[in-house]
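*Asks:* File follows, query_24.tsv with TSV, C-alpha atoms and all ligand atoms:
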chain	number	residue	atom	x	y	z
K	1	MET	CA	-9.38	5.96	93.64
K	2	GLY	CA	-13.11	6.28	93.28
K	3	GLY	CA	-13.41	6.45	97.10
K	4	CYS	CA	-10.75	9.06	97.28
K	5	MET	CA	-12.60	11.17	94.68
K	6	SER	CA	-15.88	10.93	96.56
K	7	ASP	CA	-14.20	11.87	99.89
K	8	SER	CA	-12.81	15.00	98.36
K	9	GLN	CA	-16.15	15.59	96.64
K	10	ASP	CA	-17.87	15.31	100.05
K	11	THR	CA	-15.47	17.79	101.59
K	12	THR	CA	-16.03	20.19	98.70
K	13	ASP	CA	-19.80	19.85	99.03
K	14	ARG	CA	-19.62	20.47	102.80
K	15	ASN	CA	-17.44	23.52	102.20
K	16	VAL	CA	-19.85	24.86	99.62
K	17	GLU	CA	-22.80	24.26	101.96
K	18	ARG	CA	-20.95	26.04	104.77
K	19	GLU	CA	-20.25	28.96	102.46
K	20	ILE	CA	-23.90	29.11	101.40
K	21	GLU	CA	-25.01	29.04	105.05
K	22	LYS	CA	-22.51	31.77	105.88
K	23	ASP	CA	-23.77	33.86	102.95
K	24	LYS	CA	-27.37	33.32	104.05
K	25	LYS	CA	-26.58	34.44	107.60
K	26	GLN	CA	-24.64	37.40	106.24
K	27	ASP	CA	-27.56	38.22	103.95
K	28	THR	CA	-30.11	38.22	106.77
K	29	ARG	CA	-27.76	40.32	108.89
K	30	ALA	CA	-27.15	42.80	106.06
K	31	HIS	CA	-29.32	45.88	105.88
K	32	LYS	CA	-30.26	46.29	102.26
K	33	LEU	CA	-30.16	49.96	101.36
K	34	LEU	CA	-31.45	50.94	97.95
K	35	LEU	CA	-30.23	54.21	96.45
K	36	LEU	CA	-32.98	55.73	94.34
K	37	GLY	CA	-33.51	59.17	92.80
K	38	ALA	CA	-33.72	60.91	89.46
K	39	GLY	CA	-30.79	60.87	87.03
K	40	GLY	CA	-27.85	63.00	88.12
K	41	SER	CA	-29.11	63.46	91.68
K	42	GLY	CA	-25.90	62.04	93.17
K	43	LYS	CA	-26.55	58.36	93.93
K	44	SER	CA	-23.28	57.11	92.50
K	45	THR	CA	-21.41	59.96	94.13
K	46	PHE	CA	-22.73	58.81	97.49
K	47	PHE	CA	-21.79	55.23	96.61
K	48	LYS	CA	-18.26	56.30	95.65
K	49	GLN	CA	-17.89	58.19	98.93
K	50	LEU	CA	-19.02	55.13	100.90
K	51	LYS	CA	-16.50	53.03	99.05
K	52	ALA	CA	-13.71	55.47	99.74
K	53	ILE	CA	-14.54	55.87	103.42
K	54	HIS	CA	-15.90	52.48	104.47
K	55	GLY	CA	-14.70	50.20	101.69
K	56	GLU	CA	-11.28	49.47	100.35
K	57	GLY	CA	-11.30	52.49	98.04
K	58	HIS	CA	-10.89	52.22	94.30
K	59	ASN	CA	-8.34	49.84	92.82
K	60	ASP	CA	-6.11	50.51	89.81
K	61	ARG	CA	-8.51	48.93	87.35
K	62	GLU	CA	-11.39	51.06	88.63
K	63	LYS	CA	-9.20	54.16	88.51
K	64	GLU	CA	-8.40	53.38	84.89
K	65	GLY	CA	-12.16	53.20	84.26
K	66	PHE	CA	-12.70	56.59	85.93
K	67	LYS	CA	-9.87	58.04	83.86
K	68	ARG	CA	-11.67	56.96	80.68
K	69	GLN	CA	-14.95	58.38	82.00
K	70	ILE	CA	-13.34	61.72	82.81
K	71	HIS	CA	-11.70	61.91	79.39
K	72	GLY	CA	-15.04	61.03	77.84
K	73	GLN	CA	-16.80	63.72	79.86
K	74	VAL	CA	-14.32	66.35	78.67
K	75	VAL	CA	-14.72	65.42	75.00
K	76	GLU	CA	-18.50	65.08	75.16
K	77	SER	CA	-18.90	68.38	77.01
K	78	ILE	CA	-16.71	70.44	74.71
K	79	GLN	CA	-18.34	68.94	71.63
K	80	LEU	CA	-21.78	69.78	72.96
K	81	LEU	CA	-20.75	73.35	73.77
K	82	ILE	CA	-19.38	73.86	70.26
K	83	ARG	CA	-22.39	72.26	68.57
K	84	GLN	CA	-24.84	74.38	70.58
K	85	CYS	CA	-22.94	77.60	69.81
K	86	LYS	CA	-22.86	76.76	66.11
K	87	THR	CA	-26.49	75.75	65.95
K	88	VAL	CA	-27.84	78.73	67.85
K	89	THR	CA	-25.94	81.17	65.67
K	90	LYS	CA	-26.59	79.15	62.49
K	91	ASP	CA	-22.91	79.07	61.82
K	92	PRO	CA	-21.99	75.98	59.83
K	93	LEU	CA	-18.41	74.88	60.02
K	94	PRO	CA	-16.83	74.12	56.64
K	95	GLY	CA	-16.08	70.50	56.01
K	96	ILE	CA	-18.41	68.91	58.56
K	97	LYS	CA	-21.70	69.00	56.70
K	98	ASP	CA	-23.57	65.75	56.40
K	99	GLU	CA	-25.88	64.56	53.65
K	100	ASP	CA	-28.91	66.32	55.09
K	101	ASP	CA	-27.03	69.59	55.11
K	102	GLU	CA	-27.46	69.98	58.84
K	103	PRO	CA	-24.54	71.94	60.28
K	104	PHE	CA	-23.09	68.99	62.19
K	105	GLY	CA	-25.15	66.02	61.32
K	106	ASN	CA	-26.45	65.87	64.87
K	107	ASP	CA	-29.88	64.34	64.64
K	108	ASP	CA	-30.84	65.51	68.13
K	109	LEU	CA	-30.77	69.18	67.26
K	110	ASP	CA	-33.81	70.63	65.66
K	111	ASP	CA	-32.40	73.80	64.13
K	112	ALA	CA	-35.61	75.36	62.92
K	113	ARG	CA	-37.38	74.94	66.24
K	114	LEU	CA	-34.32	76.10	68.09
K	115	SER	CA	-33.87	79.34	66.18
K	116	ASN	CA	-37.59	80.10	66.21
K	117	SER	CA	-37.90	79.59	69.96
K	118	LEU	CA	-34.74	81.51	70.56
K	119	LYS	CA	-36.15	84.53	68.80
K	120	VAL	CA	-38.79	84.56	71.51
K	121	GLU	CA	-36.43	83.71	74.34
K	122	MET	CA	-33.39	85.80	73.47
K	123	THR	CA	-32.56	88.99	71.65
K	124	GLU	CA	-30.33	88.98	68.58
K	125	THR	CA	-27.57	90.59	70.66
K	126	GLU	CA	-27.84	87.83	73.25
K	127	ILE	CA	-27.68	85.18	70.55
K	128	ALA	CA	-24.65	86.88	68.99
K	129	GLN	CA	-22.60	86.19	72.11
K	130	PHE	CA	-22.57	82.49	71.12
K	131	LYS	CA	-20.83	83.17	67.83
K	132	ILE	CA	-17.46	81.44	67.88
K	133	ALA	CA	-14.76	83.61	66.29
K	134	LYS	CA	-13.10	82.38	63.08
K	135	GLU	CA	-9.74	81.95	64.83
K	136	PHE	CA	-11.19	78.91	66.66
K	137	ASP	CA	-12.35	77.13	63.48
K	138	GLN	CA	-9.45	74.71	63.53
K	139	SER	CA	-10.04	73.77	67.17
K	140	CYS	CA	-13.76	73.31	66.61
K	141	GLN	CA	-13.21	71.19	63.55
K	142	TYR	CA	-10.58	69.05	65.27
K	143	LEU	CA	-12.77	68.42	68.31
K	144	LEU	CA	-15.99	67.78	66.40
K	145	GLU	CA	-14.27	65.24	64.19
K	146	ILE	CA	-13.43	63.05	67.18
K	147	HIS	CA	-15.66	60.02	67.08
K	148	GLY	CA	-16.28	58.06	70.20
K	149	SER	CA	-16.10	60.06	73.37
K	150	ARG	CA	-13.73	57.52	74.90
K	151	SER	CA	-10.73	58.84	72.95
K	152	ALA	CA	-7.59	59.45	74.93
K	153	LEU	CA	-6.67	63.05	75.63
K	154	THR	CA	-3.79	63.62	73.23
K	155	GLU	CA	-1.54	66.65	73.51
K	156	GLN	CA	-3.26	68.19	70.49
K	157	LEU	CA	-6.70	67.59	71.95
K	158	VAL	CA	-5.68	69.19	75.23
K	159	THR	CA	-4.35	72.26	73.36
K	160	HIS	CA	-7.62	72.71	71.45
K	161	VAL	CA	-9.81	72.28	74.54
K	162	LYS	CA	-7.63	74.70	76.49
K	163	SER	CA	-7.77	77.28	73.74
K	164	LEU	CA	-11.58	77.14	73.44
K	165	TRP	CA	-12.22	77.00	77.17
K	166	ASN	CA	-9.80	79.76	78.15
K	167	GLU	CA	-9.96	82.11	75.21
K	168	CYS	CA	-13.33	81.76	73.51
K	169	PRO	CA	-16.05	83.91	75.17
K	170	ALA	CA	-18.81	82.12	73.20
K	171	ILE	CA	-17.94	78.80	74.83
K	172	GLN	CA	-17.93	80.39	78.28
K	173	ALA	CA	-21.28	82.06	77.55
K	174	MET	CA	-22.75	78.75	76.46
K	175	PHE	CA	-21.42	77.02	79.58
K	176	GLU	CA	-23.52	79.48	81.60
K	177	HIS	CA	-26.53	77.75	80.01
K	178	ARG	CA	-25.33	74.27	80.97
K	179	ASN	CA	-28.49	73.63	83.00
K	180	LYS	CA	-30.45	73.58	79.73
K	181	ILE	CA	-28.09	71.57	77.57
K	182	GLY	CA	-27.14	68.75	79.92
K	183	ILE	CA	-23.53	69.66	80.63
K	184	PRO	CA	-22.39	68.54	84.09
K	185	ASP	CA	-21.22	71.26	86.48
K	186	SER	CA	-18.04	69.31	87.09
K	187	SER	CA	-16.93	69.70	83.46
K	188	ALA	CA	-15.62	73.18	84.41
K	189	PHE	CA	-13.36	71.56	87.00
K	190	PHE	CA	-11.96	69.14	84.41
K	191	PHE	CA	-11.56	71.85	81.74
K	192	ASN	CA	-9.66	74.01	84.20
K	193	ASP	CA	-7.40	71.09	85.05
K	194	ILE	CA	-7.09	69.75	81.52
K	195	GLU	CA	-3.28	69.70	81.51
K	196	ARG	CA	-3.12	67.52	84.62
K	197	ILE	CA	-5.81	65.11	83.51
K	198	GLY	CA	-4.36	64.94	79.98
K	199	ARG	CA	-0.91	63.84	81.13
K	200	SER	CA	0.06	60.31	80.08
K	201	ASP	CA	0.77	59.31	83.69
K	202	TYR	CA	-2.50	60.78	85.00
K	203	THR	CA	-4.33	58.78	87.65
K	204	PRO	CA	-7.59	60.23	89.01
K	205	ASP	CA	-7.47	61.28	92.65
K	206	HIS	CA	-10.41	61.07	95.06
K	207	LYS	CA	-11.84	64.45	94.04
K	208	ASP	CA	-11.66	63.57	90.33
K	209	ILE	CA	-13.42	60.27	90.98
K	210	VAL	CA	-16.19	61.89	92.99
K	211	LEU	CA	-16.73	64.60	90.38
K	212	ALA	CA	-16.72	62.30	87.36
K	213	ARG	CA	-20.15	62.17	85.77
K	214	TYR	CA	-21.20	58.77	84.57
K	215	ARG	CA	-24.79	57.80	83.88
K	216	THR	CA	-25.33	54.51	85.66
K	217	THR	CA	-26.90	51.69	83.70
K	218	GLY	CA	-28.11	48.59	85.51
K	219	MET	CA	-27.13	48.11	89.13
K	220	THR	CA	-23.96	48.02	91.22
K	221	GLU	CA	-23.96	46.65	94.75
K	222	LYS	CA	-21.45	46.48	97.52
K	223	GLU	CA	-21.36	45.37	101.11
K	224	PHE	CA	-20.00	47.66	103.76
K	225	HIS	CA	-19.07	46.53	107.25
K	226	ILE	CA	-19.50	49.48	109.52
K	227	LYS	CA	-18.97	48.84	113.21
K	228	ASP	CA	-20.96	45.65	113.86
K	229	ALA	CA	-23.45	46.14	111.09
K	230	VAL	CA	-23.39	45.00	107.50
K	231	PHE	CA	-24.94	47.23	104.86
K	232	LYS	CA	-25.60	46.06	101.36
K	233	VAL	CA	-25.91	49.19	99.27
K	234	LEU	CA	-27.37	49.10	95.77
K	235	ASP	CA	-26.78	51.90	93.27
K	236	VAL	CA	-29.06	51.99	90.24
K	237	GLY	CA	-29.45	54.26	87.21
K	238	GLY	CA	-31.93	57.12	87.64
K	239	GLN	CA	-32.62	58.12	84.04
K	240	ARG	CA	-36.10	57.42	82.74
K	241	ASN	CA	-35.29	54.23	80.84
K	242	GLU	CA	-33.22	52.98	83.80
K	243	ARG	CA	-36.08	53.48	86.25
K	244	LYS	CA	-38.05	50.73	84.53
K	245	LYS	CA	-35.53	48.26	85.98
K	246	TRP	CA	-35.86	49.41	89.61
K	247	ILE	CA	-38.62	47.00	90.51
K	248	HIS	CA	-36.19	44.06	90.19
K	249	PHE	CA	-34.28	45.28	93.24
K	250	PHE	CA	-37.20	45.96	95.60
K	251	ASP	CA	-37.13	42.63	97.40
K	252	GLY	CA	-36.13	42.74	101.09
K	253	VAL	CA	-35.19	46.40	101.18
K	254	THR	CA	-34.48	47.70	104.70
K	255	ALA	CA	-34.59	51.33	103.67
K	256	VAL	CA	-34.71	53.45	100.56
K	257	LEU	CA	-32.15	56.21	100.34
K	258	PHE	CA	-33.80	58.70	98.06
K	259	VAL	CA	-31.36	61.25	96.70
K	260	VAL	CA	-32.49	64.70	95.58
K	261	SER	CA	-30.26	67.31	93.99
K	262	LEU	CA	-30.96	70.69	95.60
K	263	THR	CA	-29.59	72.47	92.61
K	264	CYS	CA	-31.71	70.93	89.88
K	265	TYR	CA	-34.65	73.32	90.12
K	266	ASP	CA	-33.60	75.14	86.95
K	267	GLU	CA	-32.09	72.19	85.11
K	268	VAL	CA	-33.70	70.52	82.15
K	269	PRO	CA	-33.86	66.73	82.60
K	270	PHE	CA	-31.23	64.96	80.52
K	271	GLU	CA	-33.92	63.20	78.52
K	272	ASP	CA	-35.55	66.53	77.57
K	273	VAL	CA	-32.37	68.29	76.60
K	274	THR	CA	-32.86	69.35	73.04
K	275	ASP	CA	-32.20	73.02	72.81
K	276	LEU	CA	-31.33	76.21	74.55
K	277	ALA	CA	-34.86	77.48	74.49
K	278	ALA	CA	-36.31	74.75	76.68
K	279	ASP	CA	-38.74	76.25	79.14
K	280	VAL	CA	-37.35	75.20	82.49
K	281	THR	CA	-40.48	76.31	84.32
K	282	LEU	CA	-42.57	73.73	82.50
K	283	MET	CA	-40.54	70.67	83.35
K	284	ASN	CA	-37.32	70.79	85.27
K	285	SER	CA	-35.35	68.15	87.09
K	286	MET	CA	-36.81	69.15	90.48
K	287	LEU	CA	-40.33	68.49	89.23
K	288	GLU	CA	-39.08	65.23	87.78
K	289	SER	CA	-37.49	64.37	91.12
K	290	ILE	CA	-40.76	65.09	92.95
K	291	LYS	CA	-42.66	62.85	90.56
K	292	VAL	CA	-40.15	60.02	90.94
K	293	PHE	CA	-40.35	60.36	94.72
K	294	GLU	CA	-44.15	60.24	94.68
K	295	ASP	CA	-44.13	57.18	92.42
K	296	THR	CA	-41.59	55.45	94.66
K	297	LEU	CA	-43.62	56.14	97.80
K	298	ASP	CA	-46.65	54.61	96.09
K	299	PHE	CA	-45.12	51.20	95.51
K	300	GLU	CA	-47.08	48.62	97.48
K	301	CYS	CA	-43.92	46.91	98.76
K	302	PHE	CA	-42.61	50.20	100.22
K	303	GLN	CA	-45.64	51.07	102.34
K	304	LYS	CA	-43.82	49.99	105.51
K	305	THR	CA	-40.28	50.67	104.34
K	306	GLY	CA	-38.29	53.43	105.95
K	307	PHE	CA	-37.11	56.24	103.70
K	308	ILE	CA	-34.12	58.48	104.06
K	309	LEU	CA	-34.33	61.58	101.98
K	310	PHE	CA	-30.91	62.83	101.02
K	311	PHE	CA	-30.59	66.41	99.90
K	312	ASN	CA	-27.47	66.75	97.88
K	313	LYS	CA	-25.40	69.37	96.01
K	314	ALA	CA	-25.85	71.96	98.76
K	315	ASP	CA	-22.56	73.58	97.71
K	316	LEU	CA	-23.88	74.23	94.19
K	317	MET	CA	-27.25	75.39	95.53
K	318	GLN	CA	-25.55	77.97	97.78
K	319	GLU	CA	-24.16	79.60	94.65
K	320	LYS	CA	-27.20	79.15	92.43
K	321	ILE	CA	-29.70	80.65	94.86
K	322	LYS	CA	-27.97	84.02	94.50
K	323	ARG	CA	-28.93	84.06	90.81
K	324	VAL	CA	-32.00	81.82	90.49
K	325	PRO	CA	-34.96	81.62	92.89
K	326	ILE	CA	-36.61	78.26	93.58
K	327	THR	CA	-39.92	79.60	92.25
K	328	ASN	CA	-38.90	77.95	88.97
K	329	ALA	CA	-40.05	74.69	90.49
K	330	PHE	CA	-42.04	75.97	93.51
K	331	PRO	CA	-44.19	78.88	92.29
K	332	ASN	CA	-45.94	79.12	95.67
K	333	TYR	CA	-42.74	79.83	97.55
K	334	LYS	CA	-42.96	83.34	98.99
K	335	GLY	CA	-39.86	83.36	101.18
K	336	PRO	CA	-36.61	85.22	100.57
K	337	GLN	CA	-34.24	84.18	97.82
K	338	GLU	CA	-31.83	82.66	100.32
K	339	PHE	CA	-30.31	79.25	100.87
K	340	LYS	CA	-31.70	78.21	104.27
K	341	PRO	CA	-35.38	79.15	103.86
K	342	SER	CA	-35.39	77.75	100.32
K	343	VAL	CA	-33.92	74.42	101.46
K	344	ASP	CA	-36.39	74.30	104.37
K	345	TYR	CA	-39.24	74.79	101.95
K	346	ILE	CA	-37.99	72.09	99.57
K	347	SER	CA	-37.43	69.56	102.35
K	348	LYS	CA	-40.87	70.22	103.87
K	349	TYR	CA	-42.43	69.88	100.45
K	350	PHE	CA	-40.86	66.46	99.95
K	351	LEU	CA	-41.83	65.31	103.45
K	352	SER	CA	-45.43	66.37	102.83
K	353	LEU	CA	-45.65	63.89	99.95
K	354	ASN	CA	-45.58	60.97	102.37
K	355	ARG	CA	-49.19	59.93	102.88
K	356	VAL	CA	-48.38	57.03	105.23
K	357	PRO	CA	-47.78	58.70	108.60
K	358	GLU	CA	-46.43	55.54	110.28
K	359	ARG	CA	-43.75	55.14	107.64
K	360	GLU	CA	-40.41	56.30	108.93
K	361	MET	CA	-39.08	59.22	106.99
K	362	LEU	CA	-35.69	60.68	107.83
K	363	LEU	CA	-34.21	63.80	106.39
K	364	ARG	CA	-30.49	64.03	105.79
K	365	PHE	CA	-28.07	66.30	104.05
K	366	PHE	CA	-25.18	64.76	102.24
K	367	PHE	CA	-22.48	65.70	104.70
K	368	GLU	CA	-24.50	64.18	107.53
K	369	TYR	CA	-24.58	60.71	106.05
K	370	VAL	CA	-22.35	59.29	108.80
K	371	LEU	CA	-25.25	59.89	111.15
K	372	PHE	CA	-27.50	57.55	109.25
K	373	VAL	CA	-25.05	54.64	109.29
K	374	ASN	CA	-25.03	54.94	113.04
K	375	TYR	CA	-28.79	54.89	113.06
K	376	TRP	CA	-29.20	51.14	112.74
P	401	LIG	N1	-20.55	69.95	93.52
P	401	LIG	C1	-21.20	68.82	93.77
P	401	LIG	N2	-21.36	67.93	92.79
P	401	LIG	C2	-22.02	66.80	93.09
P	401	LIG	C3	-22.56	66.53	94.37
P	401	LIG	N3	-23.18	65.32	94.32
P	401	LIG	C4	-23.03	64.88	93.07
P	401	LIG	N4	-22.33	65.75	92.32
P	401	LIG	C5	-21.99	65.63	90.90
P	401	LIG	O1	-23.18	65.45	90.16
P	401	LIG	C6	-22.96	64.61	89.03
P	401	LIG	C7	-24.01	63.54	89.00
P	401	LIG	O2	-23.87	62.69	90.12
P	401	LIG	P1	-24.07	61.11	90.02
P	401	LIG	O3	-23.70	60.58	91.36
P	401	LIG	O4	-23.39	60.55	88.83
P	401	LIG	O5	-25.64	61.02	89.81
P	401	LIG	P2	-26.54	59.70	89.77
P	401	LIG	O6	-27.70	59.95	90.66
P	401	LIG	O7	-25.73	58.50	90.04
P	401	LIG	O8	-27.02	59.72	88.26
P	401	LIG	P3	-27.53	58.45	87.36
P	401	LIG	O9	-26.49	57.40	87.45
P	401	LIG	O10	-27.70	58.99	85.98
P	401	LIG	O11	-28.85	58.05	87.94
P	401	LIG	C8	-21.53	64.09	89.18
P	401	LIG	O12	-20.69	64.81	88.29
P	401	LIG	C9	-21.17	64.40	90.62
P	401	LIG	O13	-19.80	64.66	90.78
P	401	LIG	C10	-22.40	67.52	95.41
P	401	LIG	O14	-22.85	67.39	96.55
P	401	LIG	N5	-21.70	68.65	95.03
P	402	MG	MG	-25.28	56.86	88.96
Can I see the file as structure tokens?
Ligand SMILES: Nc1nc2c(ncn2[C@@H]2O[C@H](COP(=O)(O)OP(=O)(O)OP(=O)(O)O)[C@@H](O)[C@H]2O)c(=O)[nH]1
Ligand SMILES: [Mg+2]
*Replies:*
Amino acid sequence: MGGCMSDSQDTTDRNVEREIEKDKKQDTRAHKLLLLGAGGSGKSTFFKQLKAIHGEGHNDREKEGFKRQIHGQVVESIQLLIRQCKTVTKDPLPGIKDEDDEPFGNDDLDDARLSNSLKVEMTETEIAQFKIAKEFDQSCQYLLEIHGSRSALTEQLVTHVKSLWNECPAIQAMFEHRNKIGIPDSSAFFFNDIERIGRSDYTPDHKDIVLARYRTTGMTEKEFHIKDAVFKVLDVGGQRNERKKWIHFFDGVTAVLFVVSLTCYDEVPFEDVTDLAADVTLMNSMLESIKVFEDTLDFECFQKTGFILFFNKADLMQEKIKRVPITNAFPNYKGPQEFKPSVDYISKYFLSLNRVPEREMLLRFFFEYVLFVNYW
């Protein structure tokens, strides 16, 4: 019996060795692509697209996860909109005072600083537009009392969100300032479609999945077999505290895919979001993105590594440029307030940060990504 055991043990060992060898070969064949970029630039979105197009898509368990994320995004966004309206207009809501007598017990909001800075930034009439009418008190109270943003979208919750989003001008006015208070653009899409996503049999479709905003923590990796090549793509978190972990994934990188949001030049970085009066010209997400790019280029291990610069969110930029010039982040820009010249300027600016001329530096726009997978 002992002999029989050791025979089967031998076979198992040989199988394991074969598997390890296979993995090793696979690993050396795989091009390791590391997705880097500031928080919210679109790394995970790119990863999700790759998975949908070149992977096996998202399974039921993953879809369930996205559903919870989307529900969470809706609740978090509406709560933030209400809180900001209330704080700016110094309008406490009865019944939700905490021990410190702050309107909503939200430690992150510094009321005094906010109202003082707002007096400089906005006129009283402008501030008044954020006053939520009394008729919405019940909805505000209901939504603010929800603890844990992962709550399911009940029928009642959907009704309250719909009422505030569709009928309350103050909430709409505050949403216009989403760049300063950290509300994702895609929340409008989910608010508009709240009935569909609140249904009990709701399953996120591809568009919902791509638009869901989820701040990555740690790292997710996946292998993609495209034509004869194997790509191992790593998606990491881009927020400041997440960037400290990047160095652990730098080993054996074939190329860095550095993602930049074209639309972030008037957005306040998530970590700096404290109030409506934040001065976006002092520090905005584009300046943050530039700094992260410079720091990444400087890493010793990346001196010979190829970079692909991905400019993302062109659709949002096309709209934004009509209202906001890029001089927010690029004061030396003297061109017209138009999409193409502004994007040209931004891309040239990023390219100019590369001080190692022999390092390969490709420029890509999101929709062109198929071109880069054909590159190797
Ligand atoms: N309209 C539009 N939205 C986009 C585009 N790319 C990304 N987004 C949205 O931008 C938000 C942030 O994108 P993510 O992919 O989560 O950003 P990230 O770089 O992974 O962010 P972290 O995980 O925090 O580092 C999501 O809600 C996306 O749906 C784009 O090209 N167009
Ligand atoms: Mg991410």
*Asks:* Listing only residues of stretch 141-198 of chain K within 12 Å of stretch 34-41 of chain K, what is the closest atom pair and its distance in Å (to one decimal) for each, using only C-alpha atoms, sorted by chain and residue number ascending, as CSV?
*Replies:*
residue,atom,partner,partner_atom,distance
K:Asn179,CA,K:Gly40,CA,11.8
K:Gly182,CA,K:Gly40,CA,10.0
K:Ile183,CA,K:Gly40,CA,10.9
K:Pro184,CA,K:Gly40,CA,8.8
K:Asp185,CA,K:Gly40,CA,10.7
K:Ser186,CA,K:Gly40,CA,11.7
*Asks:* To check your reading of the model: which residues sit at most 12 Å from ligand MG 402 (chain P) when counting all atoms listed in the file? Write the answer as a PyMOL selection string.
*Replies:* chain K and resi 35-48+210-221+234-239+242-243+259
*Asks:* Measure the distance from atom CA of K:Phe258 to atom CA of K:Val230 in Å and round it to one decimal.
*Replies:*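 So the two atoms, atom CA of K:Phe258 and atom CA of K:Val230, lie 19.6 Å apart.
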*Asks:* K:Ile181, K:Leu362, K:Ile321, K:Ile197: which is nearest K:Gln79, counting only C-alpha atoms?
*Replies:*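 Nearest to K:Gln79: K:Ile181.
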*Asks:* Take atom CA of K:Asp344 and atom CA of K:Glu176 and report the distance between them in Å, one decimal.
*Replies:*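 We find that atom CA of K:Asp344 and atom CA of K:Glu176 lie 26.7 Å from each other.
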*Asks:* Calculated over all atoms listed in the file, which of the candidates K:Gln73, K:Ser163, K:Gln84, K:Thr123 has the smallest distance to ligand LIG 401 (chain P)?
*Replies:*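 That would be K:Gln73, the residue with the smallest distance to ligand LIG 401 (chain P).
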*Asks:* What is the distance, in Å and to one decimal place, between atom CA of K:Arg68 and atom CA of K:Ala314?
*Replies:*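 Result for atom CA of K:Arg68 versus atom CA of K:Ala314: 27.4 Å, one decimal.
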*Asks:* Find, counting all atoms listed in the file, the residue in K:His71, K:Arg359, K:Arg323, K:Lys222 that gets nearest to K:Ile194.
*Replies:*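 That would be K:His71, the residue with the smallest distance to K:Ile194.
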*Asks:* Which residue out of K:Cys264, K:Ile82, K:Ala152, K:Met174 has the minimum interatomic distance to ligand LIG 401 (chain P) when all atoms listed in the file are used?
*Replies:*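 Residue with the minimum atom-to-atom distance to ligand LIG 401 (chain P): K:Cys264.
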*Asks:* Any idea what's packed within 9 Å of K:Val253, counting all atoms listed in the file, ignoring anything in its chain fewer than 3 positions away? Could you give it as a compact mmCIF listing (two decimals) with C-alpha atoms, in the coordinates of the input?
*Replies:*
# COMPACT_ATOMS: atom_id res chain seq x y z
CA HIS K 31 -29.32 45.88 105.88
CA LYS K 32 -30.26 46.29 102.26
CA LEU K 33 -30.16 49.96 101.36
CA LEU K 34 -31.45 50.94 97.95
CA PHE K 249 -34.28 45.28 93.24
CA PHE K 250 -37.20 45.96 95.60
CA VAL K 256 -34.71 53.45 100.56
CA PHE K 302 -42.61 50.20 100.22
CA THR K 305 -40.28 50.67 104.34
*Asks:* Using only C-alpha atoms and all ligand atoms, which of K:Ser77, K:Ser200, K:Thr159, K:Asn312 sits nearest ligand LIG 401 (chain P)?
*Replies:*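 For ligand LIG 401 (chain P), the nearest of the given residues is K:Asn312.
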